[in-house]
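Trainee: Starting off with a structure, shown below.
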Amino acid sequence: MIAPAALIVGLALAGGGFDVTGRHIAGLAVWLVVVALLVFGAASGAKLERPFYWASGLILGLSLLSAISSLWSGSVELSAIEADRILAYLGFFLAAFLIAQTDERRQRFAEGLAIAAFLVALLGLGTRLLPHVFEVADSLGTGPRLRYPLGYWNANGAMAGMSVALLLWMSRRSAWVTLRWLSAAAIPAALLTLYFTYSRGGLLALIVATGCLIALSRDRLWLLGTLAIGAIGALPTVLAVQARHSLAENVANQAAVDQGVTVLAILLAGTALSLALFAALRSLEGRDGKRTGRALAASRDPAVLKRVALGVAIVAIVGLAAVGGRAWNQFSSSDIQFPDDPSQHFSDFSGAGRHDFFRVAIDAFGEKPATGHGAGTYEFSWERQRSIELPVHDAHSLYLEAFAELGAIGGLLVLGLIGILLWCGFGAWRDAAHPQRERYAVLTAVMLAFAVGAAFDWFWEIAGLGAVFFFAAGVVVAARCGQIAEDPRHDGEARDGRRYGVAVAGLVLAWIAAIALVGPLLVERELDSSRAAAAREDFATAVDRAGNARSIEPWAASPYVQLGLLAERQGDYPGAIEHFSHAIDREDRNWQWFYLRSRVEHAAGDEEAAQADLERARELNPRSDCLSGEWACG
């Protein structure tokens with residue numbers, strides 16, 4: 001329980017894990033856990049069946065393909081960072097798989113995920129309701145949408161939505177009675193956190209995760225009742241927020257602070273109401289009356305469930321026919337403005353530029369369908385082919401970006417990986433006995449919510465959220481392997497040699513992963529030190545630190561860029577030109593390096609070279625406003 005909660009909350013406190021530093025430290029930590037587990041014999045007791053080999057092989061294959069794509073991506077540095085990200089996720093998966101080899105451990109691990117997801121949501125809520133207590137950079141006055149702690153409102157919304165499903169499950173199936181009550185009490189706070197994100201992705205995660213859990217659960221009637229109770233507890237706070245402009249807009253004034261305290265008091269009252277209603281629900285369940293029995297029987301009747309599913313499908317089709325045209329027009333619109341009233345964003349169909357993000361990804365795949373443009377390089381395709389002026393690094397779709405960057409093989413690898421993991425979750429649910437079935441239902445629901453959300457957003461790159469998915473995947477794959485191994489029809493012959501081979505391979509892979517993760521981490525730390533030294537005008541130290549970064553990763557462009565900027569500030573124009581040229585050799589599709597070199601060439605009086613580089617920068621980023629003039633970019 002403690003391990004997943006500590007890592008996910010730690011990543012959240014470090015900014016979510018999108019940046020190299022936080023993600024790579026977490027990756028190193030989890031690979032050390034894998035090494036410790038293997039050294040102490042975890043592999044000897046593990047159930048190693050086909051689902052494990054398929055899942056781990058696909059994750060490793062995706063990482064290897066990302067690394068290999070550096071040969072044609074034009075940026076070894078960016079492609080290696082993407083490969084490292086997937087290696088960290090592989091570590092999350094393996095650690096969860098090796099730990100979750102017994103039913104009790106799987107229960108504890110799932111409870112740890114639920115606690116972690118809620119704590120992350122609670123951290124964000126605390127900065128909004130008590131900004132004078134939780135003083136963080138992404139707090140008061142930073143816009144209406146809740147950014148803290150994951151650094152991105154849609155990631156926070158997705159985490160809050162998934163936490164509701166996990167809390168619902170814990171309210172009935174936690175091994176500790178006290179934790180069941182605490183879970184029911186926490187649902188209103190998780191829902192309020194989701195509201196403050198104003199995230200349609202978060203709302204989608206809530207619908208998918210809770211919908212999947214309820215559909216797969218035998219206790220769906222009680223889960224629906226608990227969810228309704230949580231919504232009743234959250235409703236007064238949502239209405240209170242809507243009536244308080246400063247809090248809703250996150251305005252940097254005393255009124256927002258005072259209104260936050262008021263809404264917190266209303267939330268506590270709503271939580272108390274939820275607990276009272278939950279007690280009444282438990283009492284109703286305990287009485288086991290005839291009407292309750294009939295309602296339960298109906299909720300579990302396959303014929304009734306089929307009629308309900310048919311009704312939902314009809315409503316969905318009618319709704320799509322009614323609003324589909326308007327929704328598509330809004331989604332494909334180039335208008336990317338956030339609504340004046342933040343709550344209106346939940347009902348807004350605007351794609352916030354996603355139509356163009358997706359189009360560029362599809363066009364990029366069409367240019368190189370076999371190999372793609374290389375891992376981590378979507379931003380270069382975007383800058384060259386976009387139709388709107390917006391800085392974007394990702395296609396906002398895991399699947400389309402995989403096809404654009406890694407070609408058909410990479411795209412199919414991602415689809416196969418997600419499909420295999422979801423199928424393992426469904427298989428573990430299908431073959432489990434009650435109440436273990438409920439556990440695999442909620443883990444599968446959380447994985448499905450992540451997989452669906454990743455089709456419309458880039459939050460899969462935020463390690464704090466990715467850890468939830470790969471931890472859950474490790475647990476369900478361990479469960480599925482255990483079920484296969486215990487099947488009487490399965491060949492139960494000992495496989496000590498295979499387990500030994502897996503242990504050795506795991507240790508070798510951990511060593512490789514550590515080397516791969518340490519390099520970019522050290523480079524980032526050296527460059528941060530260099531920038532800090534330059535800010536205090538200690539150029540000797542700044543150059544020394546940037547030189548260290550270059551020595552660690554001579555193939556990376558960023559150390560040369562820092563050296564070039566330092567040389568430019570000191571008036572060493574020939575040195576700056578040389579350093580920027582080395583950066584261009586390592587990233588020849590990055591317009592910024594051509595622009596920086598042209599600026600120095602202009603300062604040095606070489607106008608012909610300066611104009612040539614400036615024109616090349618415009619070719620790579622034709623819609624940039626700052627490139628419409630001469631050396632106007634910051």
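Ordering of the structure tokens sets the chain letters (A, B, ...), residue numbers begin anew at 1 in every chain, and ligands are numbered from 1 in the order given.
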Might you pull out every residue within 10 Å of A:Trp72, with only C-alpha atoms counted and same-chain residues fewer than 2 positions away left off, and present them as a list in words?
Mentor: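 Selected residues are Ile68, Ser69, Ser70, Gly74, Ser75, Val76, Ser79, Thr371, Gly372, His373, Gly374 and Ala375 of chain A.
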Trainee: Name the residues of stretch 121-327 of chain A that fall into helix (DSSP H, G or I) according to DSSP on the backbone, using the chain letters and numbers of this document, as a PyMOL selection string.
Mentor: chain A and resi 121-129+153-173+177-197+200-216+220-242+245-249+254-287+290-299+302-327
Trainee: Within 10 Å of A:Gly211, counting only C-alpha atoms, which residues qualify if same-chain residues fewer than 6 places away don't, as a PyMOL selection string?
Mentor: chain A and resi 165+205+217+220+224+445+449
Trainee: Between atom CA of A:Leu247 and atom CA of A:Ser199, measure the distance and give it in Å to one decimal.
Mentor: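 Interatomic distance, atom CA of A:Leu247 to atom CA of A:Ser199: 16.7 Å.
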Trainee: Could you tell me which of A:Val133, A:Leu37, A:Leu62, A:Ala567 comes closest to A:Glu405 if we count only C-alpha atoms?
Mentor: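 Of the candidates, the smallest distance to A:Glu405 is held by A:Leu62.
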Trainee: Please provide as an NGL selection string all residues within 12 Å of A:Leu64, with the sequence filter that same-chain residues fewer than 4 positions apart are discarded (counting only C-alpha atoms).
Mentor: :A and (57-60 or 68-71 or 79-87 or 90 or 375 or 406 or 410 or 413 or 509 or 512-513 or 516)
Trainee: Which residue is closest to A:Leu7? Choose from A:Phe97, A:Trp382, A:Phe471, A:Trp429 and count only C-alpha atoms.
Mentor: A:Phe471
Trainee: To one decimal place in Å, what is the distance between atom CA of A:Ala322 and atom CA of A:Gly351?
Mentor: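 Atom-to-atom, atom CA of A:Ala322 to atom CA of A:Gly351, that is 18.6 Å.
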Trainee: Write out as a PyMOL selection string the residues lying within 10 Å of A:Thr237, counting only C-alpha atoms and excluding same-chain residues fewer than 5 positions away.
Mentor: chain A and resi 188-189+191-192+195+232+242-243+262-270
Trainee: Could you tell me how far atom CA of A:Trp181 sits from atom CA of A:Phe118, in Å to one decimal place?
Mentor: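 Atom-to-atom, atom CA of A:Phe118 and atom CA of A:Trp181 are spaced 14.2 Å apart.
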